[in-house]
file target_2.cif (mmCIF, C-alpha atoms)
data_structure
#
loop_
_atom_site.label_atom_id
_atom_site.label_comp_id
_atom_site.auth_asym_id
_atom_site.auth_seq_id
_atom_site.Cartn_x
_atom_site.Cartn_y
_atom_site.Cartn_z
CA MET O 82 -10.10 -4.68 -6.96
CA TYR O 83 -12.45 -5.02 -9.91
CA TYR O 84 -15.58 -7.16 -10.01
CA PRO O 85 -17.02 -7.42 -13.56
CA TYR O 86 -20.41 -8.57 -12.30
CA PHE O 87 -21.97 -10.53 -9.49
CA ASP O 88 -22.36 -14.28 -9.95
CA SER O 89 -21.88 -17.49 -8.00
CA THR O 90 -18.08 -17.39 -8.36
CA MET O 91 -18.05 -14.31 -6.13
CA ILE O 92 -18.17 -16.69 -3.17
CA VAL O 93 -14.47 -17.33 -3.74
CA LEU O 94 -13.77 -13.71 -2.87
CA ILE O 95 -15.77 -13.58 0.35
CA PRO O 96 -13.01 -14.82 2.74
CA ALA O 97 -10.50 -12.40 1.20
CA ILE O 98 -12.97 -9.51 1.41
CA ILE O 99 -13.62 -10.29 5.09
CA LEU O 100 -9.87 -10.42 5.74
CA ALA O 101 -9.38 -7.09 3.95
CA MET O 102 -12.12 -5.46 6.04
CA TYR O 103 -10.60 -6.84 9.23
CA ALA O 104 -7.12 -5.68 8.21
CA GLN O 105 -8.32 -2.13 7.54
CA SER O 106 -10.11 -2.04 10.87
CA LYS O 107 -7.09 -3.47 12.68
CA VAL O 108 -4.57 -1.02 11.22
CA LYS O 109 -6.88 1.92 11.95
CA SER O 110 -7.55 0.93 15.56
CA THR O 111 -3.91 0.04 16.29
CA TYR O 112 -2.61 3.25 14.71
CA GLU O 113 -5.11 5.38 16.62
CA LYS O 114 -4.29 3.62 19.89
CA TYR O 115 -0.56 4.21 19.72
CA VAL O 116 -0.73 7.62 18.07
CA ARG O 117 -2.12 8.80 21.42
CA ILE O 118 0.87 7.46 23.33
CA ALA O 119 3.93 9.70 23.26
CA SER O 120 7.28 7.95 23.07
CA GLN O 121 9.46 8.31 26.15
CA LYS O 122 12.31 9.99 24.27
CA GLY O 123 10.01 12.37 22.40
CA TYR O 124 11.31 11.93 18.85
CA THR O 125 8.95 13.15 16.15
CA GLY O 126 8.53 10.90 13.14
CA ALA O 127 10.67 13.26 11.07
CA GLU O 128 13.42 13.28 13.69
CA ALA O 129 13.32 9.51 14.02
CA ALA O 130 13.55 9.10 10.25
CA ARG O 131 16.46 11.53 10.01
CA ALA O 132 18.37 9.80 12.81
CA ILE O 133 17.97 6.37 11.21
CA LEU O 134 18.80 7.63 7.72
CA ASP O 135 21.96 9.35 8.94
CA ARG O 136 23.03 6.27 10.91
CA ASN O 137 22.87 4.28 7.68
CA GLY O 138 24.81 6.85 5.65
CA LEU O 139 21.73 8.08 3.77
CA THR O 140 22.29 11.77 4.48
CA ASP O 141 21.24 12.63 0.92
CA VAL O 142 17.70 11.26 1.34
CA ARG O 143 15.33 14.17 1.92
CA ILE O 144 12.31 14.11 4.23
CA GLU O 145 9.17 15.94 3.14
CA HIS O 146 5.82 16.56 4.76
CA ILE O 147 2.69 15.57 2.83
CA ARG O 148 -1.01 15.80 3.54
CA GLY O 149 -3.21 12.89 4.43
CA THR O 150 -3.36 10.07 6.94
CA LEU O 151 -1.14 7.01 6.52
CA SER O 152 -0.04 8.35 3.14
CA ASP O 153 3.61 7.89 4.10
CA HIS O 154 5.95 6.44 1.49
CA TYR O 155 9.50 6.41 0.15
CA ASP O 156 10.01 7.46 -3.46
CA PRO O 157 13.05 5.62 -4.89
CA ARG O 158 13.02 7.75 -8.07
CA THR O 159 13.70 11.01 -6.22
CA ARG O 160 15.15 9.50 -3.01
CA VAL O 161 12.60 11.38 -0.94
CA LEU O 162 10.86 10.13 2.19
CA ARG O 163 7.36 11.62 2.48
CA LEU O 164 5.63 11.56 5.85
CA SER O 165 2.02 12.45 6.62
CA ASP O 166 1.17 15.16 9.12
CA MET O 167 0.66 13.02 12.24
CA VAL O 168 3.79 11.00 11.48
CA TYR O 169 5.99 13.95 10.48
CA ARG O 170 5.13 16.13 13.49
CA GLY O 171 3.90 13.57 16.00
CA ASN O 172 6.08 12.13 18.76
CA SER O 173 3.98 9.02 19.30
CA ILE O 174 4.94 5.36 19.10
CA SER O 175 2.88 5.09 15.90
CA SER O 176 4.71 8.04 14.35
CA SER O 177 8.14 6.57 15.04
CA ALA O 178 7.16 3.08 13.89
CA ILE O 179 5.69 4.24 10.59
CA ALA O 180 8.54 6.64 9.87
CA ALA O 181 11.08 3.91 10.59
CA HIS O 182 9.23 1.49 8.30
CA GLU O 183 9.47 3.93 5.38
CA VAL O 184 13.15 4.46 6.15
CA GLY O 185 13.41 0.68 5.92
CA HIS O 186 12.45 1.00 2.25
CA ALA O 187 15.11 3.66 1.75
CA ILE O 188 17.69 1.31 3.27
CA GLN O 189 16.47 -1.51 1.01
CA HIS O 190 16.92 0.79 -1.99
CA ALA O 191 20.41 1.79 -0.92
CA ARG O 192 21.41 -1.83 -0.28
CA ASP O 193 19.91 -2.96 -3.61
CA TYR O 194 17.51 -5.36 -1.90
CA ALA O 195 16.53 -7.81 -4.65
CA PRO O 196 12.75 -8.13 -4.00
CA LEU O 197 12.40 -4.33 -3.94
CA ARG O 198 14.43 -3.99 -7.14
CA PHE O 199 12.22 -6.57 -8.84
CA ARG O 200 9.00 -4.96 -7.58
CA ASN O 201 10.05 -1.50 -8.74
CA ALA O 202 11.05 -2.89 -12.14
CA ILE O 203 7.67 -4.48 -12.82
CA VAL O 204 5.45 -1.62 -11.57
CA PRO O 205 4.94 0.08 -14.99
CA VAL O 206 4.25 -3.23 -16.73
CA VAL O 207 1.89 -4.45 -14.01
CA ASN O 208 -0.10 -1.20 -13.96
CA PHE O 209 -0.59 -1.35 -17.72
CA ALA O 210 -1.32 -5.08 -17.84
CA SER O 211 -3.75 -4.97 -14.92
CA ASN O 212 -5.95 -2.34 -16.56
CA LEU O 213 -5.76 -4.03 -19.95
CA SER O 214 -6.55 -7.47 -18.52
CA TRP O 215 -10.15 -6.60 -17.77
CA LEU O 216 -10.81 -5.47 -21.33
CA PHE O 217 -9.80 -8.91 -22.58
CA ILE O 218 -11.66 -10.75 -19.81
CA LEU O 219 -14.92 -8.84 -20.24
CA ALA O 220 -14.72 -9.10 -24.04
CA GLY O 221 -14.01 -12.82 -23.77
CA LEU O 222 -16.94 -13.40 -21.39
CA PHE O 223 -19.30 -11.33 -23.54
CA LEU O 224 -18.25 -13.06 -26.77
CA SER O 225 -17.77 -16.47 -25.15
CA PHE O 226 -14.24 -16.47 -26.58
CA THR O 227 -11.91 -18.37 -24.26
CA GLY O 228 -8.79 -17.12 -26.02
CA LEU O 229 -9.47 -13.53 -24.96
CA ILE O 230 -10.14 -14.64 -21.39
CA ASP O 231 -6.83 -16.51 -21.36
CA ILE O 232 -4.95 -13.37 -22.43
CA GLY O 233 -6.72 -11.38 -19.72
CA ILE O 234 -5.86 -13.96 -17.06
CA ILE O 235 -2.21 -13.99 -18.09
CA LEU O 236 -2.10 -10.20 -17.85
CA PHE O 237 -3.88 -10.22 -14.48
CA THR O 238 -1.38 -12.76 -13.15
CA GLY O 239 1.15 -9.93 -13.17
CA SER O 240 -0.87 -8.19 -10.45
CA VAL O 241 -0.85 -11.34 -8.36
CA ILE O 242 2.93 -11.66 -8.73
CA PHE O 243 3.32 -8.02 -7.72
CA GLN O 244 1.29 -8.56 -4.55
CA ILE O 245 3.25 -11.69 -3.65
CA VAL O 246 6.60 -9.93 -4.13
CA THR O 247 5.34 -7.01 -2.03
CA LEU O 248 5.07 -9.23 1.05
CA PRO O 249 8.81 -9.85 1.65
CA VAL O 250 9.51 -6.20 0.82
CA GLU O 251 7.10 -4.96 3.48
CA PHE O 252 8.03 -7.58 6.09
CA ASN O 253 11.72 -6.83 5.63
CA ALA O 254 11.15 -3.07 5.92
CA SER O 255 9.32 -3.61 9.22
CA SER O 256 12.07 -5.89 10.51
CA ARG O 257 14.69 -3.26 9.65
CA ALA O 258 12.53 -0.60 11.31
CA LEU O 259 12.31 -2.45 14.62
CA ASP O 260 16.07 -3.06 14.67
CA GLU O 261 16.83 0.57 13.90
CA LEU O 262 14.33 2.01 16.40
CA GLU O 263 16.10 0.24 19.23
CA SER O 264 19.66 0.59 17.90
CA VAL O 265 19.37 4.34 17.34
CA GLY O 266 17.55 4.79 20.63
CA VAL O 267 14.39 6.33 19.21
CA LEU O 268 12.26 3.98 21.31
CA THR O 269 13.05 2.18 24.54
CA ARG O 270 13.19 -1.60 24.70
CA GLU O 271 9.83 -1.58 26.47
CA GLU O 272 8.26 0.42 23.63
CA ILE O 273 9.51 -1.84 20.81
CA PRO O 274 6.72 -4.45 21.27
CA HIS O 275 4.13 -1.68 20.91
CA SER O 276 5.74 -0.40 17.72
CA LYS O 277 5.73 -3.99 16.44
CA LYS O 278 1.96 -4.12 16.91
CA VAL O 279 1.61 -1.04 14.70
CA LEU O 280 3.80 -2.54 11.98
CA ASP O 281 2.17 -5.98 12.20
CA ALA O 282 -1.26 -4.40 11.73
CA ALA O 283 -0.01 -2.54 8.67
CA ALA O 284 1.54 -5.74 7.30
CA LEU O 285 -1.81 -7.48 7.56
CA THR O 286 -3.22 -5.11 4.92
CA TYR O 287 -0.62 -6.40 2.44
CA VAL O 288 -1.47 -10.00 3.32
CA ALA O 289 -5.14 -9.20 2.70
CA ALA O 290 -4.33 -7.54 -0.64
CA THR O 291 -2.40 -10.63 -1.72
CA ALA O 292 -5.20 -12.94 -0.62
CA THR O 293 -7.71 -10.85 -2.57
CA ALA O 294 -5.57 -10.91 -5.71
CA VAL O 295 -5.11 -14.69 -5.50
CA ALA O 296 -8.84 -15.21 -4.87
CA GLN O 297 -9.69 -13.02 -7.85
CA LEU O 298 -7.35 -15.08 -10.03
CA VAL O 299 -9.05 -18.28 -8.87
CA ARG O 300 -12.41 -16.71 -9.67
CA LEU O 301 -11.28 -15.79 -13.17
CA LEU O 302 -10.13 -19.35 -13.77
CA LEU O 303 -13.56 -20.57 -12.68
CA LEU O 304 -15.24 -18.11 -15.01
CA ARG O 305 -13.01 -19.31 -17.83
CA GLU O 306 -14.00 -22.94 -17.24
CA ARG O 307 -17.67 -22.02 -17.07
CA SER O 308 -17.44 -20.12 -20.35
CA ARG O 309 -16.31 -23.34 -22.07
CA ASP O 310 -19.44 -25.21 -21.05
#
call {"tool": "encode", "arguments": {"input": "target_2.cif", "output": "structure tokens"}}
result
Amino acid sequence: MYYPYFDSTMIVLIPAIILAMYAQSKVKSTYEKYVRIASQKGYTGAEAARAILDRNGLTDVRIEHIRGTLSDHYDPRTRVLRLSDMVYRGNSISSSAIAAHEVGHAIQHARDYAPLRFRNAIVPVVNFASNLSWLFILAGLFLSFTGLIDIGIILFTGSVIFQIVTLPVEFNASSRALDELESVGVLTREEIPHSKKVLDAAALTYVAATATAVAQLVRLLLLRERSRD
């Protein structure tokens, strides 16, 4: 998130910043707790992902190992599921939960899940508009030209929409993951609540990102009004 400069309107961002810090701490502590607990059936994240993919007829989706921690993602352009080291090789509850969540995105893609389709469609536009928005906003604030600020705010609104649309995409992927983990037999019924804690902690980071984007938009509107005085 970008902060052009510090001023009194920054107070609007404080609750969102606190939530974001809490979310990062929560996902880290929850992941580390359950990455130490091996699942009873011993599936690695890669094996869990493969079992769920195959059950849903997605035998053509490849699974690749990538470096990093919690860098796991599904690439809809290449139909490749990329899992980080601890998830790919680990047989923990965290590993299975995270792998299943990313498979959830692959299932969404295969089923043409509307929110995911919309989010993927607007990514290039949002990335471009988000970067460009700050040029207009800063120029408008510097020149006291409300018209430029308005353009910047309109462009930045795309980022807010993207974050809002991301929420149902992520929640749905987690819901699919929990159903699949139990249906395929990767985790036992007793382990499912623990995997839900991992996914809920991860979901909180998306809630925090949305809250931050909305708070930043409110701040920009306040800056716009102040520039008119």
call {"tool": "residues_around", "arguments": {"input": "target_2.cif", "residues": "region 118-131 of chain O", "least_positions_apart": "2", "cutoff": "7 Å", "atoms": "all atoms listed in the file", "output": "list in words"}}
result
Tyr115, Val116, Ile133, Leu134, Asp135, Val168, Tyr169, Arg170, Gly171, Asn172, Ser173, Ile174, Ser176, Ser177, Ala180, Ala181, Val184, Val267 and Leu268 of chain O
call {"tool": "resolve_selection", "arguments": {"input": "target_2.cif", "expression": "the PyMOL selection byres ((chain O and resi 255) around 12)", "output": "PyMOL selection string"}}
result
chain O and resi 177-189+248-254+256-262+273+276-285
call {"tool": "residues_around", "arguments": {"input": "target_2.cif", "residues": "region 231-234 of chain O", "least_positions_apart": "2", "cutoff": "7 Å", "atoms": "all atoms listed in the file", "output": "ChimeraX atom specification"}}
result
/O:214-215,217-218,227-229,236-238,301
call {"tool": "atom_distance", "arguments": {"input": "target_2.cif", "atom1": "CA of Leu139 (chain O)", "atom2": "CA of Ser165 (chain O)"}}
result
20.4 Å
call {"tool": "residues_around", "arguments": {"input": "target_2.cif", "residues": "Arg307 (chain O)", "least_positions_apart": "6", "cutoff": "12 Å", "atoms": "all atoms listed in the file", "output": "PyMOL selection string"}}
result
chain O and resi 88-90+221-222+225-227+230+300-301
call {"tool": "atom_distance", "arguments": {"input": "target_2.cif", "atom1": "CA of Thr293 (chain O)", "atom2": "CA of Ala101 (chain O)"}}
result
7.7 Å
call {"tool": "resolve_selection", "arguments": {"input": "target_2.cif", "expression": "the PyMOL selection byres ((chain O and resi 245) around 12)", "output": "PyMOL selection string"}}
result
chain O and resi 196-197+199-200+238-244+246-252+287-295
call {"tool": "closest_residue", "arguments": {"input": "target_2.cif", "among": "O:Ala296, O:Ala220, O:Leu302, O:Ala202", "to": "Ala97 (chain O)", "atoms": "all atoms listed in the file"}}
result
O:Ala296
call {"tool": "atom_distance", "arguments": {"input": "target_2.cif", "atom1": "CA of Leu224 (chain O)", "atom2": "CA of Ser308 (chain O)"}}
result
9.6 Å
call {"tool": "build_atoms", "arguments": {"input": "target_2.cif", "residues": "region 86-100 of chain O", "atoms": "N, CA, C and O atoms", "output": "PDB file, in the frame of the given file"}}
result
ATOM      1  N   TYR O  86     -18.999  -8.459 -12.610  1.00  0.00           N
ATOM      2  CA  TYR O  86     -20.410  -8.570 -12.300  1.00  0.00           C
ATOM      3  C   TYR O  86     -20.564  -9.582 -11.175  1.00  0.00           C
ATOM      4  O   TYR O  86     -19.646 -10.308 -10.840  1.00  0.00           O
ATOM      5  N   PHE O  87     -21.749  -9.603 -10.601  1.00  0.00           N
ATOM      6  CA  PHE O  87     -21.970 -10.530  -9.490  1.00  0.00           C
ATOM      7  C   PHE O  87     -22.492 -11.866 -10.026  1.00  0.00           C
ATOM      8  O   PHE O  87     -23.410 -11.899 -10.836  1.00  0.00           O
ATOM      9  N   ASP O  88     -21.886 -12.945  -9.589  1.00  0.00           N
ATOM     10  CA  ASP O  88     -22.360 -14.280  -9.950  1.00  0.00           C
ATOM     11  C   ASP O  88     -21.880 -15.240  -8.879  1.00  0.00           C
ATOM     12  O   ASP O  88     -21.241 -14.832  -7.900  1.00  0.00           O
ATOM     13  N   SER O  89     -22.165 -16.504  -9.043  1.00  0.00           N
ATOM     14  CA  SER O  89     -21.880 -17.490  -8.000  1.00  0.00           C
ATOM     15  C   SER O  89     -20.392 -17.610  -7.675  1.00  0.00           C
ATOM     16  O   SER O  89     -20.030 -18.015  -6.562  1.00  0.00           O
ATOM     17  N   THR O  90     -19.525 -17.272  -8.624  1.00  0.00           N
ATOM     18  CA  THR O  90     -18.080 -17.390  -8.360  1.00  0.00           C
ATOM     19  C   THR O  90     -17.590 -16.338  -7.365  1.00  0.00           C
ATOM     20  O   THR O  90     -16.476 -16.442  -6.857  1.00  0.00           O
ATOM     21  N   MET O  91     -18.425 -15.341  -7.094  1.00  0.00           N
ATOM     22  CA  MET O  91     -18.050 -14.310  -6.130  1.00  0.00           C
ATOM     23  C   MET O  91     -17.795 -14.889  -4.743  1.00  0.00           C
ATOM     24  O   MET O  91     -17.104 -14.290  -3.925  1.00  0.00           O
ATOM     25  N   ILE O  92     -18.352 -16.067  -4.477  1.00  0.00           N
ATOM     26  CA  ILE O  92     -18.170 -16.690  -3.170  1.00  0.00           C
ATOM     27  C   ILE O  92     -16.703 -16.937  -2.862  1.00  0.00           C
ATOM     28  O   ILE O  92     -16.283 -16.952  -1.698  1.00  0.00           O
ATOM     29  N   VAL O  93     -15.912 -17.120  -3.919  1.00  0.00           N
ATOM     30  CA  VAL O  93     -14.470 -17.330  -3.740  1.00  0.00           C
ATOM     31  C   VAL O  93     -13.815 -16.112  -3.104  1.00  0.00           C
ATOM     32  O   VAL O  93     -12.825 -16.229  -2.364  1.00  0.00           O
ATOM     33  N   LEU O  94     -14.367 -14.947  -3.360  1.00  0.00           N
ATOM     34  CA  LEU O  94     -13.770 -13.710  -2.870  1.00  0.00           C
ATOM     35  C   LEU O  94     -14.170 -13.367  -1.442  1.00  0.00           C
ATOM     36  O   LEU O  94     -13.520 -12.547  -0.801  1.00  0.00           O
ATOM     37  N   ILE O  95     -15.224 -13.982  -0.948  1.00  0.00           N
ATOM     38  CA  ILE O  95     -15.770 -13.580   0.350  1.00  0.00           C
ATOM     39  C   ILE O  95     -14.746 -13.663   1.494  1.00  0.00           C
ATOM     40  O   ILE O  95     -14.585 -12.704   2.259  1.00  0.00           O
ATOM     41  N   PRO O  96     -13.998 -14.787   1.651  1.00  0.00           N
ATOM     42  CA  PRO O  96     -13.010 -14.820   2.740  1.00  0.00           C
ATOM     43  C   PRO O  96     -11.959 -13.709   2.623  1.00  0.00           C
ATOM     44  O   PRO O  96     -11.579 -13.097   3.627  1.00  0.00           O
ATOM     45  N   ALA O  97     -11.502 -13.445   1.396  1.00  0.00           N
ATOM     46  CA  ALA O  97     -10.500 -12.400   1.200  1.00  0.00           C
ATOM     47  C   ALA O  97     -11.066 -11.015   1.502  1.00  0.00           C
ATOM     48  O   ALA O  97     -10.374 -10.161   2.069  1.00  0.00           O
ATOM     49  N   ILE O  98     -12.327 -10.799   1.129  1.00  0.00           N
ATOM     50  CA  ILE O  98     -12.970  -9.510   1.410  1.00  0.00           C
ATOM     51  C   ILE O  98     -13.116  -9.305   2.914  1.00  0.00           C
ATOM     52  O   ILE O  98     -12.859  -8.212   3.442  1.00  0.00           O
ATOM     53  N   ILE O  99     -13.499 -10.364   3.623  1.00  0.00           N
ATOM     54  CA  ILE O  99     -13.620 -10.290   5.090  1.00  0.00           C
ATOM     55  C   ILE O  99     -12.264  -9.987   5.717  1.00  0.00           C
ATOM     56  O   ILE O  99     -12.148  -9.146   6.621  1.00  0.00           O
ATOM     57  N   LEU O 100     -11.221 -10.668   5.225  1.00  0.00           N
ATOM     58  CA  LEU O 100      -9.870 -10.420   5.740  1.00  0.00           C
ATOM     59  C   LEU O 100      -9.443  -8.988   5.476  1.00  0.00           C
ATOM     60  O   LEU O 100      -8.846  -8.339   6.350  1.00  0.00           O
TER      61      LEU O 100
END
